[in-house]
Amino acid sequence: MWQPIAEAPIAQDIELAVIDGGGVHALIFPCKKSSNGWVNAKTGELLDVHPTHWRIWRDAPPRNFDS
């Protein structure tokens, strides 16, 4: 179940939902909230994203935003 982004935990692998030119979609890799912003949990790369919702990362997350 998706949670409001304001409630996202720090330093935990989560799935992020973002809005961009293509609409609302979930990122295909785990992310973490850090003191510097959002990072790719696998690479540590700082991300330029503005997520709207989050949920616990699963190894093979469903791609449907409504679930």
# chains A, B, ... in the order shown; residues from 1 in each chain; ligands from 1
>>> residues_around(residues="segment 4-8 of chain A", least_positions_apart="3", cutoff="6 Å", atoms="only C-alpha atoms", output="list in words")
Thr52, His53 and Trp54 of chain A
>>> write_last_selection(atoms="C-alpha atoms", output="CSV table (one decimal), in the first residue's frame")
chain,number,residue,atom,x,y,z
A,52,THR,CA,4.8,11.7,-4.2
A,53,HIS,CA,4.3,8.3,-2.4
A,54,TRP,CA,6.4,5.4,-1.1
>>> select_by_dssp(residues="segment 16-60 of chain A", states="strand (DSSP E)", output="list in words")
Leu16, Ala17, Val18, Ile19, Asp20, Gly23, Val24, His25, Ala26, Cys31, Lys32, Lys33, Ser34, Gly37, Trp38, Val39, Asn40, Pro51, Thr52, His53, Trp54, Arg55 and Ile56 of chain A
>>> closest_residue(among="A:Glu15, A:Cys31, A:Asp59, A:Gln3", to="Leu47 of chain A", atoms="only C-alpha atoms")
A:Cys31
>>> closest_residue(among="A:His50, A:Ile56, A:Gly44, A:Val24", to="Pro9 of chain A", atoms="only C-alpha atoms")
A:Ile56
>>> residues_around(residues="Lys32 of chain A", least_positions_apart="3", cutoff="6 Å", atoms="only C-alpha atoms", output="list in words")
Ala11, Gln12, Asp13, Trp38, Val39 and Ala41 of chain A
>>> atom_distance(atom1="atom CA of Leu16 of chain A", atom2="atom CA of Pro30 of chain A")
7.7 Å
>>> atom_distance(atom1="atom CA of Asn40 of chain A", atom2="atom CA of Trp2 of chain A")
18.8 Å
>>> closest_residue(among="A:Ile28, A:Met1, A:Arg55, A:Ala17", to="Lys42 of chain A", atoms="only C-alpha atoms")
A:Ile28
>>> decode(residues="segment 6-56 of chain A", atoms="N, CA and C atoms", output="tab-separated table (two decimals), in the first residue's frame")
chain	number	residue	atom	x	y	z
A	6	ALA	N	5.71	12.28	2.90
A	6	ALA	CA	6.14	12.93	4.14
A	6	ALA	C	6.42	11.91	5.25
A	7	GLU	N	5.89	10.70	5.12
A	7	GLU	CA	6.08	9.65	6.13
A	7	GLU	C	7.17	8.65	5.75
A	8	ALA	N	7.94	8.93	4.71
A	8	ALA	CA	8.96	7.98	4.25
A	8	ALA	C	10.06	7.82	5.31
A	9	PRO	N	10.47	6.58	5.56
A	9	PRO	CA	11.55	6.35	6.53
A	9	PRO	C	12.90	6.74	5.95
A	10	ILE	N	13.86	6.96	6.83
A	10	ILE	CA	15.22	7.28	6.43
A	10	ILE	C	16.05	5.99	6.42
A	11	ALA	N	16.93	5.86	5.43
A	11	ALA	CA	17.90	4.76	5.35
A	11	ALA	C	17.25	3.38	5.26
A	12	GLN	N	16.11	3.28	4.62
A	12	GLN	CA	15.46	1.99	4.39
A	12	GLN	C	15.15	1.87	2.90
A	13	ASP	N	15.34	0.70	2.33
A	13	ASP	CA	15.02	0.49	0.92
A	13	ASP	C	13.52	0.61	0.72
A	14	ILE	N	13.12	1.57	-0.14
A	14	ILE	CA	11.71	1.77	-0.44
A	14	ILE	C	11.52	1.95	-1.94
A	15	GLU	N	10.28	1.79	-2.35
A	15	GLU	CA	9.89	2.04	-3.74
A	15	GLU	C	9.26	3.42	-3.78
A	16	LEU	N	9.65	4.22	-4.75
A	16	LEU	CA	9.12	5.57	-4.88
A	16	LEU	C	8.20	5.70	-6.08
A	17	ALA	N	7.12	6.46	-5.90
A	17	ALA	CA	6.25	6.85	-7.01
A	17	ALA	C	6.55	8.31	-7.31
A	18	VAL	N	6.72	8.60	-8.60
A	18	VAL	CA	7.04	9.95	-9.03
A	18	VAL	C	6.08	10.40	-10.13
A	19	ILE	N	5.97	11.70	-10.29
A	19	ILE	CA	5.19	12.27	-11.39
A	19	ILE	C	6.18	12.98	-12.31
A	20	ASP	N	6.12	12.64	-13.59
A	20	ASP	CA	6.95	13.34	-14.57
A	20	ASP	C	6.12	13.57	-15.82
A	21	GLY	N	6.76	13.91	-16.91
A	21	GLY	CA	6.05	14.20	-18.15
A	21	GLY	C	5.20	13.04	-18.65
A	22	GLY	N	5.54	11.81	-18.25
A	22	GLY	CA	4.80	10.63	-18.67
A	22	GLY	C	3.69	10.24	-17.72
A	23	GLY	N	3.49	11.01	-16.65
A	23	GLY	CA	2.44	10.69	-15.67
A	23	GLY	C	3.02	10.15	-14.37
A	24	VAL	N	2.23	9.37	-13.66
A	24	VAL	CA	2.64	8.80	-12.37
A	24	VAL	C	3.18	7.40	-12.61
A	25	HIS	N	4.36	7.13	-12.07
A	25	HIS	CA	4.91	5.77	-12.18
A	25	HIS	C	5.87	5.51	-11.02
A	26	ALA	N	6.12	4.23	-10.79
A	26	ALA	CA	7.05	3.82	-9.74
A	26	ALA	C	8.44	3.63	-10.34
A	27	LEU	N	9.46	4.00	-9.60
A	27	LEU	CA	10.83	3.78	-10.05
A	27	LEU	C	11.13	2.28	-10.00
A	28	ILE	N	12.02	1.81	-10.88
A	28	ILE	CA	12.26	0.38	-11.01
A	28	ILE	C	13.43	-0.13	-10.17
A	29	PHE	N	13.92	0.70	-9.27
A	29	PHE	CA	15.03	0.32	-8.40
A	29	PHE	C	14.74	0.82	-6.99
A	30	PRO	N	15.31	0.18	-5.97
A	30	PRO	CA	15.07	0.64	-4.60
A	30	PRO	C	15.75	1.97	-4.35
A	31	CYS	N	15.13	2.79	-3.53
A	31	CYS	CA	15.65	4.11	-3.18
A	31	CYS	C	15.76	4.24	-1.67
A	32	LYS	N	16.56	5.19	-1.25
A	32	LYS	CA	16.68	5.51	0.18
A	32	LYS	C	16.64	7.01	0.35
A	33	LYS	N	16.04	7.44	1.45
A	33	LYS	CA	16.04	8.85	1.83
A	33	LYS	C	17.31	9.08	2.66
A	34	SER	N	18.09	10.07	2.26
A	34	SER	CA	19.31	10.39	3.00
A	34	SER	C	19.28	11.85	3.42
A	35	SER	N	20.30	12.26	4.14
A	35	SER	CA	20.37	13.67	4.55
A	35	SER	C	20.58	14.59	3.35
A	36	ASN	N	21.07	14.04	2.22
A	36	ASN	CA	21.30	14.82	1.00
A	36	ASN	C	20.14	14.76	0.02
A	37	GLY	N	19.16	13.94	0.29
A	37	GLY	CA	18.04	13.77	-0.63
A	37	GLY	C	17.79	12.30	-0.91
A	38	TRP	N	17.23	12.00	-2.05
A	38	TRP	CA	16.91	10.62	-2.44
A	38	TRP	C	18.09	10.03	-3.21
A	39	VAL	N	18.43	8.77	-2.86
A	39	VAL	CA	19.51	8.07	-3.54
A	39	VAL	C	19.05	6.71	-4.03
A	40	ASN	N	19.70	6.23	-5.09
A	40	ASN	CA	19.50	4.88	-5.58
A	40	ASN	C	20.13	3.97	-4.53
A	41	ALA	N	19.35	3.07	-3.94
A	41	ALA	CA	19.85	2.22	-2.86
A	41	ALA	C	20.91	1.24	-3.33
A	42	LYS	N	20.93	0.91	-4.63
A	42	LYS	CA	21.92	-0.04	-5.16
A	42	LYS	C	23.24	0.63	-5.49
A	43	THR	N	23.19	1.85	-6.01
A	43	THR	CA	24.42	2.50	-6.49
A	43	THR	C	24.90	3.65	-5.60
A	44	GLY	N	24.00	4.19	-4.78
A	44	GLY	CA	24.34	5.35	-3.96
A	44	GLY	C	24.24	6.67	-4.71
A	45	GLU	N	23.85	6.61	-5.99
A	45	GLU	CA	23.74	7.81	-6.81
A	45	GLU	C	22.62	8.73	-6.30
A	46	LEU	N	22.92	10.01	-6.18
A	46	LEU	CA	21.92	10.99	-5.78
A	46	LEU	C	20.93	11.17	-6.93
A	47	LEU	N	19.64	11.16	-6.63
A	47	LEU	CA	18.59	11.24	-7.64
A	47	LEU	C	17.96	12.62	-7.69
A	48	ASP	N	17.60	13.05	-8.86
A	48	ASP	CA	16.88	14.30	-9.06
A	48	ASP	C	15.42	13.94	-9.29
A	49	VAL	N	14.71	13.60	-8.20
A	49	VAL	CA	13.31	13.19	-8.28
A	49	VAL	C	12.49	13.94	-7.24
A	50	HIS	N	11.20	13.99	-7.49
A	50	HIS	CA	10.26	14.60	-6.56
A	50	HIS	C	9.14	13.58	-6.34
A	51	PRO	N	9.39	12.61	-5.44
A	51	PRO	CA	8.41	11.54	-5.25
A	51	PRO	C	7.14	12.04	-4.56
A	52	THR	N	6.06	11.32	-4.82
A	52	THR	CA	4.76	11.65	-4.25
A	52	THR	C	4.31	10.66	-3.19
A	53	HIS	N	4.72	9.38	-3.35
A	53	HIS	CA	4.33	8.31	-2.44
A	53	HIS	C	5.46	7.31	-2.32
A	54	TRP	N	5.36	6.43	-1.33
A	54	TRP	CA	6.37	5.40	-1.15
A	54	TRP	C	5.71	4.15	-0.59
A	55	ARG	N	6.41	3.03	-0.73
A	55	ARG	CA	6.03	1.78	-0.07
A	55	ARG	C	7.29	0.94	0.10
A	56	ILE	N	7.21	-0.07	0.96
A	56	ILE	CA	8.35	-0.94	1.21
A	56	ILE	C	8.79	-1.59	-0.09
